[in-house]
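The structure appears below as structure tokens.
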Amino acid sequence: MNGARDANRARWRDERGAGRLTLTARPPEIQVEATNRCRRSCPTCARNFYDRAANAPGDLSPAILDAIAPLFPTAETVLVGGYGEPLLAEIAFDILARAHQAGCRTVLVTGGGDLDNARVQKLANARLSEIVLSVDGASDETNLARREVDLAEVLANLRRLRELTPDVFAAFNFTLQRANLDELPALVDLAARENVAAVRVFHQKMYSVTQADHSVLAAPELAARVFGEAQEQAARANVALDLPPLAGARPCEQPYRMLAVRHDGLVQGCCSALFASNIPRVVLGRLPDDDPLALWNAPAIQDARRWTLGEGSPNAPCAACAFRICTVAAHQRYLDEARDG
């Protein structure tokens, strides 16, 4: 038991229930981008389209980790992931280990292709709680085309991790496009066979004008049919399937729950667009210069909290957020219009 964490949880529930904009409770979730480096070029990733000069490759520094680590003893979850492959950064294992030592549930989001023997051992040593594998197809061919790694290799790496950490929770993250929509039921079946407990589906963010017709939001009837098949398969296989809406808006609790720390120390009030661009973001400040507790109640995150209460400015980042709004227009976050237009 952790008295400080339990007390923070109770305080957070009271303050969130009351709709307070200024919280004395600390953030229940911390997301840390260990690096924005990656050896692959997945076609759906913003790294292929954002301004490389404005997003120079780098890793989180020990000073930034030292600045955010005091929040770990009251946090429920620390997630390591972002717009890079965290397994490439040695500090990723330090983040996970320090979070585990503080009593947090730890989560790693990875493509799975860099999960070699040495890194598997380091994850086991860090006592990883959950591994989330970014898998965009149910076959080697599809995943190789979309994630540049054979699915068989990813699954073999997962089995290797389980030999050392048999209790690790495993999930698939699936970036949904019209081209891989039909593979969703088969991926649910694969998850069941591989003892992967959850499949979480996300609409593709269209970062390039070349992707304009890729979203299933433009074909909701087709998507609804496949979603139904996947739900039936998930029920039979006892796999937790999280599907996004095909229209309208969905609630978002991130401004009440999360601080997201980019590899260069920039702190946001949600996980949207963890890279330098013209996409509106809930930017709060930068570590290690700023106090993370002060950033937790900065004006920008309070504005975002208003949106969770059904209020807020029409110019706020939440107004057109692609994680919150399920329309084609909201997901057209083109980063190459200025170069191509």
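Residue names in the structure tokens use chain letters A, B, ... in the order shown, residue numbers from 1 in each chain, and ligand numbers from 1 in the order shown.
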Legend entry - Secondary structure check, alpha helix (DSSP H) residues of region 13-150 of chain A, as a PyMOL selection string: chain A and resi 13-17+62-68+91-101+117-125+140-147
Could the residues in this selection be saved with N, CA and C atoms as a short mmCIF file (atom, residue, chain, number, x, y, z; two decimals), in the first residue's frame?
data_model
loop_
_atom_site.label_atom_id
_atom_site.label_comp_id
_atom_site.auth_asym_id
_atom_site.auth_seq_id
_atom_site.Cartn_x
_atom_site.Cartn_y
_atom_site.Cartn_z
N ARG A 13 -10.22 12.28 -7.17
CA ARG A 13 -11.61 11.94 -7.46
C ARG A 13 -12.56 13.03 -6.96
N ASP A 14 -12.29 13.56 -5.77
CA ASP A 14 -13.14 14.62 -5.23
C ASP A 14 -13.06 15.87 -6.09
N GLU A 15 -11.85 16.27 -6.44
CA GLU A 15 -11.67 17.51 -7.20
C GLU A 15 -12.18 17.37 -8.63
N ARG A 16 -11.95 16.20 -9.23
CA ARG A 16 -12.48 15.99 -10.58
C ARG A 16 -13.99 15.96 -10.56
N GLY A 17 -14.56 15.30 -9.56
CA GLY A 17 -16.01 15.23 -9.44
C GLY A 17 -16.65 16.59 -9.27
N PRO A 62 19.07 13.13 -18.19
CA PRO A 62 18.90 12.78 -16.78
C PRO A 62 18.33 13.93 -15.96
N ALA A 63 18.66 15.16 -16.31
CA ALA A 63 18.13 16.31 -15.56
C ALA A 63 16.62 16.41 -15.71
N ILE A 64 16.10 16.12 -16.89
CA ILE A 64 14.65 16.15 -17.09
C ILE A 64 13.98 15.03 -16.30
N LEU A 65 14.59 13.84 -16.32
CA LEU A 65 14.05 12.74 -15.53
C LEU A 65 14.05 13.09 -14.05
N ASP A 66 15.12 13.69 -13.57
CA ASP A 66 15.18 14.09 -12.16
C ASP A 66 14.08 15.09 -11.82
N ALA A 67 13.71 15.92 -12.78
CA ALA A 67 12.69 16.94 -12.53
C ALA A 67 11.29 16.34 -12.45
N ILE A 68 11.04 15.31 -13.24
CA ILE A 68 9.69 14.72 -13.26
C ILE A 68 9.54 13.59 -12.25
N ILE A 91 17.95 5.73 -21.48
CA ILE A 91 17.24 6.34 -20.36
C ILE A 91 15.82 5.78 -20.23
N ALA A 92 15.30 5.16 -21.28
CA ALA A 92 13.96 4.57 -21.17
C ALA A 92 13.92 3.54 -20.05
N PHE A 93 14.96 2.74 -19.92
CA PHE A 93 14.99 1.72 -18.88
C PHE A 93 15.13 2.36 -17.49
N ASP A 94 15.83 3.49 -17.42
CA ASP A 94 15.95 4.21 -16.16
C ASP A 94 14.60 4.77 -15.74
N ILE A 95 13.84 5.31 -16.70
CA ILE A 95 12.51 5.83 -16.39
C ILE A 95 11.63 4.73 -15.82
N LEU A 96 11.62 3.59 -16.51
CA LEU A 96 10.78 2.48 -16.07
C LEU A 96 11.20 1.97 -14.70
N ALA A 97 12.50 1.86 -14.48
CA ALA A 97 12.97 1.35 -13.19
C ALA A 97 12.62 2.30 -12.06
N ARG A 98 12.81 3.60 -12.27
CA ARG A 98 12.50 4.56 -11.21
C ARG A 98 11.00 4.62 -10.94
N ALA A 99 10.20 4.51 -11.98
CA ALA A 99 8.75 4.51 -11.79
C ALA A 99 8.30 3.26 -11.04
N HIS A 100 8.88 2.11 -11.39
CA HIS A 100 8.54 0.88 -10.68
C HIS A 100 8.94 0.98 -9.21
N GLN A 101 10.11 1.50 -8.95
CA GLN A 101 10.57 1.64 -7.56
C GLN A 101 9.65 2.54 -6.75
N ASN A 117 17.67 -9.50 -27.19
CA ASN A 117 17.90 -10.17 -25.91
C ASN A 117 18.33 -9.21 -24.81
N ALA A 118 19.24 -8.31 -25.15
CA ALA A 118 19.74 -7.38 -24.13
C ALA A 118 18.64 -6.47 -23.62
N ARG A 119 17.81 -5.98 -24.53
CA ARG A 119 16.74 -5.07 -24.11
C ARG A 119 15.63 -5.81 -23.36
N VAL A 120 15.36 -7.04 -23.76
CA VAL A 120 14.42 -7.85 -23.01
C VAL A 120 14.89 -7.99 -21.56
N GLN A 121 16.17 -8.26 -21.36
CA GLN A 121 16.71 -8.40 -20.01
C GLN A 121 16.57 -7.10 -19.23
N LYS A 122 16.81 -5.97 -19.89
CA LYS A 122 16.69 -4.68 -19.22
C LYS A 122 15.24 -4.37 -18.82
N LEU A 123 14.29 -4.75 -19.67
CA LEU A 123 12.89 -4.56 -19.33
C LEU A 123 12.49 -5.46 -18.16
N ALA A 124 13.02 -6.66 -18.16
CA ALA A 124 12.75 -7.56 -17.03
C ALA A 124 13.34 -7.00 -15.75
N ASN A 125 14.55 -6.47 -15.83
CA ASN A 125 15.18 -5.88 -14.65
C ASN A 125 14.40 -4.68 -14.13
N ASP A 140 2.52 -10.86 -41.77
CA ASP A 140 3.87 -10.34 -41.93
C ASP A 140 3.92 -9.27 -43.01
N GLU A 141 3.24 -9.55 -44.12
CA GLU A 141 3.29 -8.64 -45.26
C GLU A 141 2.74 -7.26 -44.90
N THR A 142 1.59 -7.23 -44.25
CA THR A 142 0.96 -5.95 -43.92
C THR A 142 1.77 -5.20 -42.88
N ASN A 143 2.20 -5.89 -41.83
CA ASN A 143 2.95 -5.18 -40.79
C ASN A 143 4.30 -4.71 -41.31
N LEU A 144 4.91 -5.47 -42.19
CA LEU A 144 6.18 -5.05 -42.76
C LEU A 144 5.99 -3.78 -43.59
N ALA A 145 4.90 -3.71 -44.33
CA ALA A 145 4.65 -2.53 -45.15
C ALA A 145 4.33 -1.32 -44.30
N ARG A 146 3.68 -1.50 -43.16
CA ARG A 146 3.20 -0.37 -42.37
C ARG A 146 4.07 -0.06 -41.16
N ARG A 147 4.84 -1.07 -40.69
CA ARG A 147 5.68 -0.86 -39.51
C ARG A 147 7.15 -1.23 -39.76
#
With only C-alpha atoms as the counted atoms, please give the residues lying no more than 7 Å from Phe169 (chain A), apart from itself and same-chain residues fewer than 4 positions off, as a compact mmCIF listing (two decimals) with N, CA, C and O atoms, in the first residue's frame.
# COMPACT_ATOMS: atom_id res chain seq x y z
N SER A 129 5.46 -3.43 -16.30
CA SER A 129 4.11 -3.93 -16.05
C SER A 129 3.36 -4.27 -17.33
O SER A 129 2.63 -5.27 -17.38
N GLU A 130 3.51 -3.42 -18.36
CA GLU A 130 2.71 -3.59 -19.58
C GLU A 130 3.54 -3.20 -20.79
O GLU A 130 4.22 -2.18 -20.79
N ILE A 131 3.44 -4.01 -21.82
CA ILE A 131 4.06 -3.68 -23.10
C ILE A 131 2.95 -3.51 -24.13
O ILE A 131 2.06 -4.35 -24.25
Legend entry - Backbone-only DSSP, strand (DSSP E) members of region 145-318 of chain A, as a count of residues only: 28
Legend entry - Contacts of region 36-47 of chain A within 10 Å, only C-alpha atoms, excl. fewer than 3 positions in-chain, as a PyMOL selection string: chain A and resi 33+50-52+55-60+81-89+111+113-114+136+143-149+175-177+204-208+211+214+262-264+273-275+333-335
Legend entry - Interatomic distance, CA of Val283 (chain A) to CA of Thr110 (chain A) (Å, one decimal):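 These atoms are spaced 24.5 Å apart.
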Inset, instruction - May I ask for the distance between CA of Leu243 (chain A) and CA of Thr165 (chain A), given in Å to one decimal place? - result: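 Separating CA of Leu243 (chain A) from CA of Thr165 (chain A) is a distance of 28.2 Å.
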Legend entry - Atomic separation - CA of Thr77 (chain A) relative to CA of Val154 (chain A), Å: 24.4 Å
Please tabulate, as a Markdown table, the residues of region 82-161 of chain A that come within 12 Å of region 26-29 of chain A, each with its closest pair of atoms and the distance in Å to one decimal, counting only C-alpha atoms and ordering rows by chain, then residue number upward.
| residue | atom | partner | partner_atom | distance |
| --- | --- | --- | --- | --- |
| A:Ala99 | CA | A:Glu29 | CA | 11.2 |
| A:Cys104 | CA | A:Glu29 | CA | 9.3 |
| A:Arg105 | CA | A:Glu29 | CA | 9.6 |
| A:Thr106 | CA | A:Glu29 | CA | 10.1 |
| A:Val107 | CA | A:Glu29 | CA | 10.7 |
Inset, instruction - Might you pull out every residue within 9 Å of Cys326 (chain A), with only C-alpha atoms counted and same-chain residues fewer than 3 positions away left off, and present them as a list in words? - result: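 Counting only C-alpha atoms, the residues come to His203, Leu217, Pro244, Pro245, Leu246, Ala247, Gly248, Ala249, Arg250, Cys321, Ala322, Phe323, Ala329, Ala330 and His331 of chain A.
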Take the residues from that selection and write them out as a tab-separated table (two decimals), in the first residue's frame, keeping all heavy atoms.
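Saved as out_29.tsv:
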chain	number	residue	atom	x	y	z
A	203	HIS	N	-7.93	5.88	-35.00
A	203	HIS	CA	-8.01	6.41	-36.36
A	203	HIS	C	-6.68	7.01	-36.76
A	203	HIS	O	-5.98	7.64	-35.95
A	203	HIS	CB	-9.08	7.51	-36.44
A	203	HIS	CG	-10.48	7.00	-36.35
A	203	HIS	ND1	-10.99	6.07	-37.22
A	203	HIS	CD2	-11.49	7.30	-35.47
A	203	HIS	CE1	-12.25	5.82	-36.90
A	203	HIS	NE2	-12.57	6.54	-35.85
A	217	LEU	N	-13.14	7.02	-41.53
A	217	LEU	CA	-14.24	7.92	-41.18
A	217	LEU	C	-15.03	8.35	-42.40
A	217	LEU	O	-16.18	8.79	-42.28
A	217	LEU	CB	-13.69	9.14	-40.43
A	217	LEU	CG	-13.18	8.86	-39.02
A	217	LEU	CD1	-12.38	10.04	-38.49
A	217	LEU	CD2	-14.33	8.52	-38.09
A	244	PRO	N	-12.65	3.10	-31.75
A	244	PRO	CA	-12.97	4.53	-31.74
A	244	PRO	C	-14.35	4.78	-32.35
A	244	PRO	O	-14.84	3.97	-33.15
A	244	PRO	CB	-11.87	5.13	-32.61
A	244	PRO	CG	-11.59	4.05	-33.62
A	244	PRO	CD	-11.75	2.75	-32.87
A	245	PRO	N	-15.00	5.89	-32.01
A	245	PRO	CA	-16.27	6.23	-32.66
A	245	PRO	C	-16.06	6.47	-34.16
A	245	PRO	O	-14.95	6.80	-34.61
A	245	PRO	CB	-16.69	7.53	-31.96
A	245	PRO	CG	-15.92	7.56	-30.68
A	245	PRO	CD	-14.63	6.87	-30.97
A	246	LEU	N	-17.12	6.32	-34.91
A	246	LEU	CA	-17.08	6.56	-36.35
A	246	LEU	C	-17.71	7.90	-36.71
A	246	LEU	O	-17.83	8.23	-37.90
A	246	LEU	CB	-17.78	5.42	-37.09
A	246	LEU	CG	-17.06	4.08	-37.00
A	246	LEU	CD1	-17.91	2.96	-37.59
A	246	LEU	CD2	-15.70	4.14	-37.70
A	247	ALA	N	-18.09	8.67	-35.72
A	247	ALA	CA	-18.65	10.00	-35.94
A	247	ALA	C	-18.71	10.72	-34.60
A	247	ALA	O	-18.57	10.10	-33.53
A	247	ALA	CB	-20.04	9.93	-36.56
A	248	GLY	N	-18.88	12.03	-34.66
A	248	GLY	CA	-19.09	12.80	-33.44
A	248	GLY	C	-17.84	13.03	-32.64
A	248	GLY	O	-16.72	13.01	-33.16
A	249	ALA	N	-18.02	13.22	-31.34
A	249	ALA	CA	-16.91	13.51	-30.44
A	249	ALA	C	-16.91	12.51	-29.29
A	249	ALA	O	-17.94	11.93	-28.96
A	249	ALA	CB	-17.01	14.93	-29.91
A	250	ARG	N	-15.74	12.32	-28.72
A	250	ARG	CA	-15.62	11.43	-27.57
A	250	ARG	C	-15.07	12.23	-26.39
A	250	ARG	O	-14.34	13.22	-26.57
A	250	ARG	CB	-14.71	10.25	-27.90
A	250	ARG	CG	-13.28	10.59	-28.11
A	250	ARG	CD	-12.47	9.43	-28.66
A	250	ARG	NE	-12.67	8.19	-27.95
A	250	ARG	CZ	-12.10	7.03	-28.31
A	250	ARG	NH1	-11.30	6.99	-29.36
A	250	ARG	NH2	-12.32	5.93	-27.62
A	321	CYS	N	-9.36	18.86	-31.81
A	321	CYS	CA	-8.42	17.78	-31.54
A	321	CYS	C	-8.86	16.49	-32.21
A	321	CYS	O	-10.00	16.04	-32.05
A	321	CYS	CB	-8.29	17.57	-30.04
A	321	CYS	SG	-7.21	16.18	-29.59
A	322	ALA	N	-7.94	15.86	-32.94
A	322	ALA	CA	-8.27	14.62	-33.65
A	322	ALA	C	-8.43	13.43	-32.70
A	322	ALA	O	-9.01	12.42	-33.09
A	322	ALA	CB	-7.18	14.32	-34.68
A	323	PHE	N	-7.94	13.52	-31.49
A	323	PHE	CA	-8.17	12.45	-30.53
A	323	PHE	C	-9.58	12.54	-29.96
A	323	PHE	O	-10.13	11.55	-29.50
A	323	PHE	CB	-7.15	12.52	-29.40
A	323	PHE	CG	-5.79	12.06	-29.79
A	323	PHE	CD1	-4.81	12.98	-30.14
A	323	PHE	CD2	-5.46	10.72	-29.82
A	323	PHE	CE1	-3.54	12.57	-30.51
A	323	PHE	CE2	-4.19	10.30	-30.18
A	323	PHE	CZ	-3.23	11.22	-30.53
A	329	ALA	N	-12.33	15.85	-41.25
A	329	ALA	CA	-11.70	17.17	-41.17
A	329	ALA	C	-10.79	17.28	-39.95
A	329	ALA	O	-9.69	17.84	-40.03
A	329	ALA	CB	-12.77	18.25	-41.14
A	330	ALA	N	-11.22	16.75	-38.82
A	330	ALA	CA	-10.40	16.85	-37.60
A	330	ALA	C	-9.12	16.05	-37.73
A	330	ALA	O	-8.10	16.39	-37.11
A	330	ALA	CB	-11.20	16.35	-36.40
A	331	HIS	N	-9.15	15.00	-38.53
A	331	HIS	CA	-7.97	14.15	-38.67
A	331	HIS	C	-7.03	14.59	-39.78
A	331	HIS	O	-5.96	14.02	-39.95
A	331	HIS	CB	-8.40	12.69	-38.89
A	331	HIS	CG	-8.86	12.03	-37.64
A	331	HIS	ND1	-10.07	12.33	-37.05
A	331	HIS	CD2	-8.28	11.11	-36.84
A	331	HIS	CE1	-10.20	11.62	-35.94
A	331	HIS	NE2	-9.12	10.87	-35.80
Legend entry - Long-range neighbours of Leu133 (chain A) as a PyMOL selection string, 7 Å cut-off, only C-alpha atoms, 5 positions minimum in chain: chain A and resi 109-112+171-173
Legend entry - Polymer residues at most 12 Å from Gln233 (chain A), only C-alpha atoms, same-chain spacing of 6 or more positions, as a PyMOL selection string: chain A and resi 184-192+199+226-227+239-241
Output C-alpha atoms for every residue in that selection, as a CSV table (one decimal), in the first residue's frame.
chain,number,residue,atom,x,y,z
A,184,LEU,CA,-8.9,-6.1,-37.7
A,185,PRO,CA,-10.9,-9.3,-36.9
A,186,ALA,CA,-7.9,-11.4,-37.8
A,187,LEU,CA,-5.8,-9.3,-35.5
A,188,VAL,CA,-8.2,-9.9,-32.6
A,189,ASP,CA,-7.9,-13.6,-33.3
A,190,LEU,CA,-4.1,-13.4,-33.4
A,191,ALA,CA,-4.2,-11.5,-30.0
A,192,ALA,CA,-6.1,-14.3,-28.5
A,199,VAL,CA,-6.5,-4.5,-28.9
A,226,VAL,CA,-15.9,-4.8,-39.8
A,227,PHE,CA,-16.1,-3.4,-36.3
A,239,VAL,CA,-10.0,-10.0,-25.8
A,240,ALA,CA,-10.6,-6.4,-24.7
A,241,LEU,CA,-11.3,-4.5,-27.9
Legend entry - For Arg9 (chain A), the nearest of the candidates A:Ala69, A:Ala212, A:Ala75, A:Cys318, counting only C-alpha atoms: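 Using only C-alpha atoms, the shortest distance to Arg9 (chain A) belongs to A:Ala75.
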Inset, instruction - Choose the residue, out of A:Ser313, A:Ser277, A:Asn8, A:Asn195, that has the smallest atom-to-atom separation from Ala54 (chain A); count only C-alpha atoms. - result: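 The closest residue to Ala54 (chain A) is A:Ser277.
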Legend entry - Closest of A:Val328, A:Leu181, A:Val32, A:Cys270 to Pro255 (chain A) - atom-to-atom distances counting only C-alpha atoms: A:Cys270
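Nearest to Arg159 (chain A) of all the residues A:Val261, A:Leu309, A:Leu115, A:Ala197 is A:Leu115, counting only C-alpha atoms.
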Inset, instruction - Rank A:Ala7, A:Ala198, A:Ala235, A:Ala223 by their smallest atom-to-atom distance to Thr74 (chain A), using only C-alpha atoms, and report the top residue only. - result: A:Ala7
